[in-house]
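Chemist: One file: protein-v4.csv (CSV, N, CA and C atoms).
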chain,number,residue,atom,x,y,z
A,46,GLN,N,-6.3,-15.6,-6.3
A,46,GLN,CA,-5.1,-14.8,-6.4
A,46,GLN,C,-4.4,-14.9,-5.1
A,47,GLU,N,-3.1,-15.2,-5.2
A,47,GLU,CA,-2.3,-15.4,-3.9
A,47,GLU,C,-2.1,-14.0,-3.3
A,48,GLN,N,-2.1,-14.0,-1.9
A,48,GLN,CA,-1.9,-12.8,-1.3
A,48,GLN,C,-1.3,-13.0,0.1
A,49,LEU,N,-0.6,-11.9,0.5
A,49,LEU,CA,-0.1,-11.8,1.9
A,49,LEU,C,-0.7,-10.6,2.5
A,50,VAL,N,-1.1,-10.7,3.8
A,50,VAL,CA,-1.7,-9.6,4.5
A,50,VAL,C,-1.0,-9.4,5.8
A,51,GLU,N,-0.4,-8.2,5.9
A,51,GLU,CA,0.3,-7.9,7.2
A,51,GLU,C,-0.6,-7.1,8.1
A,52,SER,N,-0.3,-7.2,9.4
A,52,SER,CA,-1.0,-6.5,10.4
A,52,SER,C,-0.1,-6.3,11.6
A,53,GLY,N,-0.5,-5.5,12.6
A,53,GLY,CA,0.3,-5.4,13.8
A,53,GLY,C,1.2,-4.2,13.9
A,54,GLY,N,1.3,-3.4,12.9
A,54,GLY,CA,2.2,-2.2,13.0
A,54,GLY,C,1.5,-1.2,13.8
A,55,GLY,N,2.3,-0.1,14.1
A,55,GLY,CA,1.7,1.0,14.9
A,55,GLY,C,2.8,1.9,15.4
A,56,GLU,N,2.5,2.7,16.3
A,56,GLU,CA,3.5,3.6,16.9
A,56,GLU,C,3.7,3.2,18.4
A,57,VAL,N,5.0,3.1,18.7
A,57,VAL,CA,5.4,2.8,20.1
A,57,VAL,C,6.6,3.7,20.5
A,58,GLN,N,6.8,3.7,21.8
A,58,GLN,CA,8.0,4.5,22.3
A,58,GLN,C,9.2,3.6,22.2
A,59,ALA,N,10.3,4.2,22.2
A,59,ALA,CA,11.6,3.4,22.2
A,59,ALA,C,11.6,2.5,23.4
A,60,GLY,N,12.1,1.3,23.2
A,60,GLY,CA,12.1,0.3,24.2
A,60,GLY,C,10.9,-0.6,24.2
A,61,GLY,N,9.9,-0.2,23.4
A,61,GLY,CA,8.6,-1.0,23.4
A,61,GLY,C,8.7,-2.2,22.5
A,62,SER,N,7.6,-2.9,22.3
A,62,SER,CA,7.5,-4.1,21.5
A,62,SER,C,6.3,-4.1,20.6
A,63,LEU,N,6.4,-4.8,19.5
A,63,LEU,CA,5.2,-5.0,18.7
A,63,LEU,C,5.3,-6.4,18.1
A,64,ARG,N,4.2,-7.0,17.8
A,64,ARG,CA,4.2,-8.3,17.1
A,64,ARG,C,3.5,-8.1,15.8
A,65,LEU,N,4.3,-8.3,14.7
A,65,LEU,CA,3.7,-8.2,13.4
A,65,LEU,C,3.3,-9.5,12.9
A,66,SER,N,2.2,-9.5,12.2
A,66,SER,CA,1.6,-10.8,11.7
A,66,SER,C,1.5,-10.7,10.2
A,67,CYS,N,1.7,-11.9,9.5
A,67,CYS,CA,1.5,-12.0,8.1
A,67,CYS,C,0.7,-13.3,7.8
A,68,GLU,N,-0.4,-13.1,7.2
A,68,GLU,CA,-1.3,-14.2,6.8
A,68,GLU,C,-1.1,-14.5,5.3
A,69,ALA,N,-0.8,-15.7,5.0
A,69,ALA,CA,-0.6,-16.1,3.6
A,69,ALA,C,-1.7,-17.1,3.2
A,70,SER,N,-2.0,-17.1,1.9
A,70,SER,CA,-2.9,-18.1,1.4
A,70,SER,C,-2.2,-19.5,1.6
A,71,ARG,N,-3.1,-20.5,1.7
A,71,ARG,CA,-2.6,-21.8,2.0
A,71,ARG,C,-1.6,-22.3,1.1
A,72,ARG,N,-1.8,-22.1,-0.2
A,72,ARG,CA,-0.9,-22.7,-1.2
A,72,ARG,C,0.5,-22.1,-1.1
A,73,ILE,N,0.6,-20.8,-1.0
A,73,ILE,CA,2.0,-20.3,-1.0
A,73,ILE,C,2.6,-20.5,0.3
A,74,PHE,N,1.8,-20.5,1.4
A,74,PHE,CA,2.4,-20.7,2.7
A,74,PHE,C,3.2,-22.0,2.8
A,75,SER,N,2.6,-23.1,2.4
A,75,SER,CA,3.3,-24.4,2.5
A,75,SER,C,4.5,-24.6,1.6
A,76,LEU,N,4.6,-23.8,0.6
A,76,LEU,CA,5.6,-23.9,-0.4
A,76,LEU,C,6.7,-22.9,-0.4
A,77,SER,N,6.7,-22.0,0.6
A,77,SER,CA,7.5,-20.8,0.6
A,77,SER,C,8.4,-20.7,1.8
A,78,THR,N,9.5,-20.0,1.6
A,78,THR,CA,10.2,-19.3,2.7
A,78,THR,C,9.5,-17.9,2.8
A,79,ILE,N,9.1,-17.6,4.0
A,79,ILE,CA,8.4,-16.4,4.3
A,79,ILE,C,9.4,-15.5,5.1
A,80,GLY,N,9.5,-14.2,4.6
A,80,GLY,CA,10.4,-13.3,5.2
A,80,GLY,C,9.8,-12.0,5.5
A,81,TRP,N,10.4,-11.3,6.4
A,81,TRP,CA,10.0,-9.9,6.7
A,81,TRP,C,11.1,-9.0,6.3
A,82,TYR,N,10.8,-8.0,5.5
A,82,TYR,CA,11.7,-6.9,5.1
A,82,TYR,C,11.2,-5.6,5.6
A,83,ARG,N,12.1,-4.6,5.6
A,83,ARG,CA,11.7,-3.3,5.9
A,83,ARG,C,12.3,-2.3,5.1
A,84,GLN,N,11.7,-1.1,4.9
A,84,GLN,CA,12.2,0.0,4.1
A,84,GLN,C,11.9,1.3,4.8
A,85,ALA,N,13.0,2.0,5.2
A,85,ALA,CA,12.9,3.3,5.8
A,85,ALA,C,12.9,4.3,4.7
A,86,PRO,N,12.4,5.5,5.0
A,86,PRO,CA,12.5,6.6,4.0
A,86,PRO,C,13.9,6.9,3.5
A,87,GLY,N,14.1,6.9,2.2
A,87,GLY,CA,15.4,7.2,1.6
A,87,GLY,C,16.4,6.0,1.7
A,88,LYS,N,15.9,4.9,2.1
A,88,LYS,CA,16.8,3.7,2.3
A,88,LYS,C,16.3,2.5,1.4
A,89,GLN,N,17.2,1.6,1.2
A,89,GLN,CA,16.8,0.4,0.4
A,89,GLN,C,16.1,-0.6,1.3
A,90,ARG,N,15.3,-1.4,0.7
A,90,ARG,CA,14.6,-2.4,1.4
A,90,ARG,C,15.6,-3.4,1.9
A,91,GLU,N,15.5,-3.9,3.1
A,91,GLU,CA,16.4,-4.8,3.7
A,91,GLU,C,15.7,-6.0,4.4
A,92,LEU,N,16.4,-7.1,4.4
A,92,LEU,CA,15.9,-8.3,5.1
A,92,LEU,C,16.0,-8.1,6.6
A,93,VAL,N,14.9,-8.4,7.3
A,93,VAL,CA,14.9,-8.4,8.7
A,93,VAL,C,15.0,-9.9,9.2
A,94,ALA,N,14.2,-10.8,8.7
A,94,ALA,CA,14.3,-12.2,9.1
A,94,ALA,C,13.5,-13.0,8.1
A,95,SER,N,13.8,-14.3,8.1
A,95,SER,CA,13.0,-15.2,7.2
A,95,SER,C,13.0,-16.6,7.9
A,96,ILE,N,12.0,-17.3,7.4
A,96,ILE,CA,11.8,-18.7,8.0
A,96,ILE,C,11.3,-19.6,6.9
A,97,THR,N,11.9,-20.8,6.8
A,97,THR,CA,11.6,-21.7,5.8
A,97,THR,C,10.3,-22.5,6.3
A,98,ALA,N,9.8,-23.3,5.3
A,98,ALA,CA,8.7,-24.2,5.6
A,98,ALA,C,9.0,-25.2,6.8
A,99,ALA,N,10.3,-25.5,6.8
A,99,ALA,CA,10.7,-26.5,7.9
A,99,ALA,C,11.0,-25.8,9.2
A,100,GLY,N,11.0,-24.5,9.2
A,100,GLY,CA,11.2,-23.7,10.4
A,100,GLY,C,12.6,-23.2,10.7
A,101,SER,N,13.5,-23.3,9.7
A,101,SER,CA,14.8,-22.8,9.8
A,101,SER,C,14.8,-21.2,9.6
A,102,THR,N,15.5,-20.6,10.5
A,102,THR,CA,15.4,-19.1,10.5
A,102,THR,C,16.7,-18.4,10.0
A,103,ASN,N,16.6,-17.2,9.5
A,103,ASN,CA,17.7,-16.4,9.1
A,103,ASN,C,17.4,-15.0,9.5
A,104,TYR,N,18.4,-14.3,10.1
A,104,TYR,CA,18.1,-12.9,10.5
A,104,TYR,C,19.1,-12.0,9.9
A,105,GLY,N,18.6,-10.8,9.5
A,105,GLY,CA,19.5,-9.8,9.0
A,105,GLY,C,20.2,-9.1,10.1
A,106,THR,N,21.1,-8.3,9.8
A,106,THR,CA,21.9,-7.6,10.8
A,106,THR,C,21.0,-6.6,11.6
A,107,SER,N,19.9,-6.1,11.0
A,107,SER,CA,19.1,-5.2,11.7
A,107,SER,C,18.3,-5.8,12.8
A,108,ALA,N,18.2,-7.1,12.8
A,108,ALA,CA,17.4,-7.8,13.9
A,108,ALA,C,18.2,-7.8,15.2
A,109,GLU,N,19.6,-7.9,15.1
A,109,GLU,CA,20.4,-7.7,16.2
A,109,GLU,C,20.1,-8.4,17.5
A,110,GLY,N,19.4,-9.6,17.3
A,110,GLY,CA,19.0,-10.4,18.5
A,110,GLY,C,17.8,-9.8,19.2
A,111,ARG,N,17.2,-8.8,18.6
A,111,ARG,CA,16.0,-8.2,19.3
A,111,ARG,C,14.7,-8.7,18.7
A,112,PHE,N,14.8,-9.3,17.5
A,112,PHE,CA,13.6,-9.7,16.8
A,112,PHE,C,13.5,-11.2,16.7
A,113,THR,N,12.3,-11.8,16.7
A,113,THR,CA,12.1,-13.2,16.6
A,113,THR,C,11.1,-13.5,15.6
A,114,ILE,N,11.4,-14.4,14.6
A,114,ILE,CA,10.4,-14.8,13.6
A,114,ILE,C,9.9,-16.2,13.9
A,115,SER,N,8.6,-16.4,13.7
A,115,SER,CA,8.0,-17.7,13.9
A,115,SER,C,6.9,-17.9,13.0
A,116,ARG,N,6.5,-19.2,12.8
A,116,ARG,CA,5.4,-19.5,11.9
A,116,ARG,C,4.4,-20.5,12.6
A,117,ASP,N,3.1,-20.3,12.3
A,117,ASP,CA,2.1,-21.2,12.8
A,117,ASP,C,1.5,-21.9,11.5
A,118,ASN,N,1.9,-23.1,11.3
A,118,ASN,CA,1.5,-23.8,10.1
A,118,ASN,C,0.0,-24.1,10.0
A,119,ARG,N,-0.6,-24.2,11.2
A,119,ARG,CA,-2.0,-24.5,11.1
A,119,ARG,C,-2.8,-23.3,10.7
A,120,ARG,N,-2.3,-22.1,11.0
A,120,ARG,CA,-3.1,-20.9,10.7
A,120,ARG,C,-2.5,-20.1,9.5
A,121,ASN,N,-1.5,-20.7,8.8
A,121,ASN,CA,-0.8,-20.0,7.7
A,121,ASN,C,-0.3,-18.6,8.1
A,122,MET,N,0.2,-18.5,9.2
A,122,MET,CA,0.7,-17.2,9.8
A,122,MET,C,2.2,-17.2,10.1
A,123,VAL,N,2.8,-16.1,9.8
A,123,VAL,CA,4.2,-15.9,10.2
A,123,VAL,C,4.2,-14.6,11.1
A,124,TYR,N,4.9,-14.7,12.2
A,124,TYR,CA,5.0,-13.6,13.1
A,124,TYR,C,6.4,-13.0,13.2
A,125,LEU,N,6.4,-11.7,13.5
A,125,LEU,CA,7.7,-11.1,13.8
A,125,LEU,C,7.6,-10.4,15.1
A,126,ARG,N,8.2,-10.9,16.1
A,126,ARG,CA,8.2,-10.2,17.4
A,126,ARG,C,9.4,-9.3,17.4
A,127,THR,N,9.0,-8.0,17.7
A,127,THR,CA,10.1,-7.0,17.7
A,127,THR,C,10.2,-6.4,19.2
A,128,ASP,N,11.3,-6.6,19.8
A,128,ASP,CA,11.5,-6.1,21.1
A,128,ASP,C,12.6,-5.0,21.2
A,129,SER,N,12.6,-4.2,22.3
A,129,SER,CA,13.6,-3.2,22.4
A,129,SER,C,13.7,-2.3,21.2
A,130,LEU,N,12.6,-1.9,20.7
A,130,LEU,CA,12.6,-1.1,19.5
A,130,LEU,C,13.3,0.3,19.7
A,131,LYS,N,13.9,0.7,18.6
A,131,LYS,CA,14.7,1.9,18.6
A,131,LYS,C,14.0,2.8,17.5
A,132,PRO,N,14.3,4.1,17.6
A,132,PRO,CA,13.7,5.0,16.5
A,132,PRO,C,14.2,4.6,15.1
A,133,GLU,N,15.4,4.1,15.0
A,133,GLU,CA,15.9,3.7,13.7
A,133,GLU,C,15.2,2.4,13.1
A,134,ASP,N,14.4,1.8,13.9
A,134,ASP,CA,13.6,0.7,13.4
A,134,ASP,C,12.3,1.2,12.7
A,135,THR,N,12.1,2.5,12.7
A,135,THR,CA,11.0,3.1,12.0
A,135,THR,C,11.1,2.8,10.5
A,136,ALA,N,10.0,2.2,10.0
A,136,ALA,CA,10.0,1.8,8.6
A,136,ALA,C,8.7,1.1,8.2
A,137,ILE,N,8.5,0.9,7.0
A,137,ILE,CA,7.4,0.0,6.5
A,137,ILE,C,7.9,-1.4,6.5
A,138,TYR,N,7.2,-2.3,7.1
A,138,TYR,CA,7.6,-3.7,7.2
A,138,TYR,C,6.8,-4.5,6.2
A,139,TYR,N,7.4,-5.2,5.4
A,139,TYR,CA,6.7,-6.0,4.3
A,139,TYR,C,6.9,-7.5,4.6
A,140,CYS,N,5.9,-8.2,4.3
A,140,CYS,CA,6.0,-9.7,4.3
A,140,CYS,C,6.2,-10.1,2.9
A,141,ASN,N,7.1,-11.1,2.7
A,141,ASN,CA,7.5,-11.7,1.4
A,141,ASN,C,7.4,-13.2,1.5
A,142,ALA,N,7.0,-13.8,0.4
A,142,ALA,CA,6.9,-15.2,0.2
A,142,ALA,C,7.7,-15.6,-1.0
A,143,LYS,N,8.7,-16.4,-0.9
A,143,LYS,CA,9.4,-16.9,-2.0
A,143,LYS,C,9.1,-18.4,-2.2
A,144,LEU,N,8.5,-18.8,-3.3
A,144,LEU,CA,8.2,-20.2,-3.6
A,144,LEU,C,9.6,-20.9,-3.8
A,145,VAL,N,9.8,-22.0,-3.1
A,145,VAL,CA,11.1,-22.7,-3.2
A,145,VAL,C,11.3,-23.2,-4.6
A,146,ARG,N,12.5,-23.2,-5.0
A,146,ARG,CA,13.0,-23.7,-6.3
A,146,ARG,C,12.3,-23.1,-7.5
A,147,THR,N,11.8,-21.8,-7.3
A,147,THR,CA,11.2,-21.0,-8.4
A,147,THR,C,11.7,-19.6,-8.2
A,148,PRO,N,11.5,-18.8,-9.2
A,148,PRO,CA,11.8,-17.3,-9.1
A,148,PRO,C,10.6,-16.5,-8.6
A,149,ILE,N,9.5,-17.2,-8.3
A,149,ILE,CA,8.3,-16.6,-8.0
A,149,ILE,C,8.3,-16.1,-6.5
A,150,GLU,N,7.9,-14.8,-6.3
A,150,GLU,CA,7.7,-14.3,-5.0
A,150,GLU,C,6.5,-13.4,-4.9
A,151,TYR,N,6.0,-13.2,-3.7
A,151,TYR,CA,4.9,-12.3,-3.5
A,151,TYR,C,5.2,-11.4,-2.4
A,152,TRP,N,4.6,-10.2,-2.4
A,152,TRP,CA,4.8,-9.2,-1.4
A,152,TRP,C,3.4,-8.7,-0.8
A,153,GLY,N,3.4,-8.4,0.4
A,153,GLY,CA,2.3,-7.8,1.0
A,153,GLY,C,2.3,-6.3,0.8
A,154,GLN,N,1.3,-5.7,1.3
A,154,GLN,CA,1.2,-4.2,1.1
A,154,GLN,C,2.0,-3.4,2.1
A,155,GLY,N,2.5,-4.1,3.2
A,155,GLY,CA,3.3,-3.4,4.2
A,155,GLY,C,2.5,-2.9,5.3
A,156,THR,N,3.2,-2.8,6.5
A,156,THR,CA,2.6,-2.2,7.7
A,156,THR,C,3.6,-1.3,8.3
A,157,GLN,N,3.1,-0.1,8.7
A,157,GLN,CA,4.0,1.0,9.2
A,157,GLN,C,4.4,0.7,10.7
A,158,VAL,N,5.6,0.8,11.0
A,158,VAL,CA,6.1,0.8,12.4
A,158,VAL,C,6.8,2.1,12.6
A,159,THR,N,6.4,2.8,13.6
A,159,THR,CA,7.0,4.1,14.0
A,159,THR,C,7.4,4.0,15.5
A,160,VAL,N,8.7,4.3,15.7
A,160,VAL,CA,9.2,4.2,17.1
A,160,VAL,C,9.6,5.7,17.4
A,161,SER,N,9.0,6.2,18.5
A,161,SER,CA,9.3,7.5,18.9
A,161,SER,C,10.3,7.5,20.1
A,162,SER,N,11.1,8.5,20.1
A,162,SER,CA,12.2,8.6,21.2
A,162,SER,C,11.7,9.2,22.4
Rewrite the structure from the file as structure tokens, please.
Modeler:
Amino acid sequence: QEQLVESGGGEVQAGGSLRLSCEASRRIFSLSTIGWYRQAPGKQRELVASITAAGSTNYGTSAEGRFTISRDNRRNMVYLRTDSLKPEDTAIYYCNAKLVRTPIEYWGQGTQVTVSS
């Protein structure tokens, strides 16, 4: 069974940093664009950043130049570095894998990020 496993969430003070990690099974990692999404209470899920198998990146407006996505192809890992965190960044962050040229996608269970003021 294909799966995504997130880690690295937690509680930090405003201005702090976290590095979120997403580990994917080998098959879906090599065939997918991997993205980070987030959902705050009462809000819709939104794209934070994504990265293709070739390493091309795309950032949502919420990233605002403060977040950086990267991938380690040897370890089947995708990372989201979050800097200068604000209370409004508080949300559950989800890893997503979209298999290219198919409608198939997978979601992780999410990791909570809480930023206190």
Chemist: Against region 123-144 of chain A, which residues of region 63-113 of chain A fall within 6.5 Å? For each one I want the closest pair of atoms and the distance in Å (one decimal), counting all atoms listed in the file, rows by chain and increasing residue number, as a tab-separated table.
Modeler:
residue	atom	partner	partner_atom	distance
A:Leu63	C	A:Thr127	N	4.1
A:Arg64	CA	A:Arg126	CA	4.4
A:Leu65	C	A:Leu125	N	3.8
A:Ser66	CA	A:Tyr124	CA	4.6
A:Cys67	N	A:Val123	C	4.0
A:Glu68	N	A:Val123	N	5.1
A:Ala69	N	A:Val123	N	6.0
A:Leu76	C	A:Leu144	CA	4.4
A:Ser77	CA	A:Lys143	C	4.0
A:Thr78	C	A:Lys143	N	4.1
A:Ile79	CA	A:Asn141	C	4.4
A:Gly80	N	A:Asn141	C	3.9
A:Trp81	CA	A:Tyr139	C	4.4
A:Tyr82	C	A:Tyr139	N	3.8
A:Arg83	CA	A:Ile137	C	4.3
A:Gln84	C	A:Ile137	N	4.1
A:Ala85	CA	A:Ala136	CA	4.3
A:Pro86	N	A:Ala136	CA	5.7
A:Arg111	C	A:Asp128	N	4.1
A:Phe112	CA	A:Arg126	C	4.3
A:Thr113	N	A:Arg126	C	3.9
Chemist: Please give the complete set of residues from region 51-106 of chain A that DSSP, run on the backbone, assigns to helix (DSSP H, G or I), formatted as a ChimeraX atom specification.
Modeler: /A:71-75,106
Chemist: Deliver the residues from the most recent selection as a file, using N, CA and C atoms, as a PDB file, in the frame of the given file.
Modeler:
ATOM      1  N   ARG A  71      -3.100 -20.500   1.700  1.00  0.00           N
ATOM      2  CA  ARG A  71      -2.600 -21.800   2.000  1.00  0.00           C
ATOM      3  C   ARG A  71      -1.600 -22.300   1.100  1.00  0.00           C
ATOM      4  N   ARG A  72      -1.800 -22.100  -0.200  1.00  0.00           N
ATOM      5  CA  ARG A  72      -0.900 -22.700  -1.200  1.00  0.00           C
ATOM      6  C   ARG A  72       0.500 -22.100  -1.100  1.00  0.00           C
ATOM      7  N   ILE A  73       0.600 -20.800  -1.000  1.00  0.00           N
ATOM      8  CA  ILE A  73       2.000 -20.300  -1.000  1.00  0.00           C
ATOM      9  C   ILE A  73       2.600 -20.500   0.300  1.00  0.00           C
ATOM     10  N   PHE A  74       1.800 -20.500   1.400  1.00  0.00           N
ATOM     11  CA  PHE A  74       2.400 -20.700   2.700  1.00  0.00           C
ATOM     12  C   PHE A  74       3.200 -22.000   2.800  1.00  0.00           C
ATOM     13  N   SER A  75       2.600 -23.100   2.400  1.00  0.00           N
ATOM     14  CA  SER A  75       3.300 -24.400   2.500  1.00  0.00           C
ATOM     15  C   SER A  75       4.500 -24.600   1.600  1.00  0.00           C
ATOM     16  N   THR A 106      21.100  -8.300   9.800  1.00  0.00           N
ATOM     17  CA  THR A 106      21.900  -7.600  10.800  1.00  0.00           C
ATOM     18  C   THR A 106      21.000  -6.600  11.600  1.00  0.00           C
TER      19      THR A 106
END
Chemist: Do you have the CA of Gly54 (chain A)-CA of Ser161 (chain A) distance handy?
Modeler: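 Separation between CA of Gly54 (chain A) and CA of Ser161 (chain A): 13.4 Å.
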Chemist: Restricting the calculation to all atoms listed in the file, which member of A:Asn103, A:Ser75, A:Ser115, A:Ser70 is positioned closest to Val50 (chain A)?
Modeler: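 With all atoms listed in the file as the atom set, the closest residue is A:Ser70.
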Chemist: Draw an axis-aligned box over all listed atoms of region 126-143 of chain A, pad each side with 3 Å, and write its centre and edge lengths in Å, one decimal, as AutoDock Vina command-line options.
Modeler:
--center_x 10.9 --center_y -6.7 --center_z 10.1 --size_x 16.0 --size_y 29.4 --size_z 30.6
Chemist: Between CA of Thr106 (chain A) and CA of Arg90 (chain A), what is the distance in Å, rounded to a tenth?
Modeler: 13.0 Å
Chemist: Write out as a PyMOL selection string the set of residues from chain A that DSSP, computed on the backbone, places in strand (DSSP E or B).
Modeler: chain A and resi 49-52+55-58+63-69+77-84+91-96+102-104+112-117+122-127+136-144+150-152+156-161
Chemist: Given only C-alpha atoms as the basis, pick out the residue of A:Phe74, A:Thr156, A:Gln48, A:Gly53 nearest to Met122 (chain A).
Modeler: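 Between A:Phe74, A:Thr156, A:Gln48, A:Gly53, the residue approaching Met122 (chain A) most closely is A:Phe74.
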Chemist: Find the distance between atom C of Gln89 (chain A) and CA of Asn121 (chain A) and write it in Å to one decimal.
Modeler: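 For atom C of Gln89 (chain A) relative to CA of Asn121 (chain A), the distance reads 26.5 Å.
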Chemist: Return the single residue from A:Trp152, A:Gln157, A:Tyr104, A:Arg116 that is closest to Ser52 (chain A), with distances computed using all atoms listed in the file.
Modeler: A:Gln157
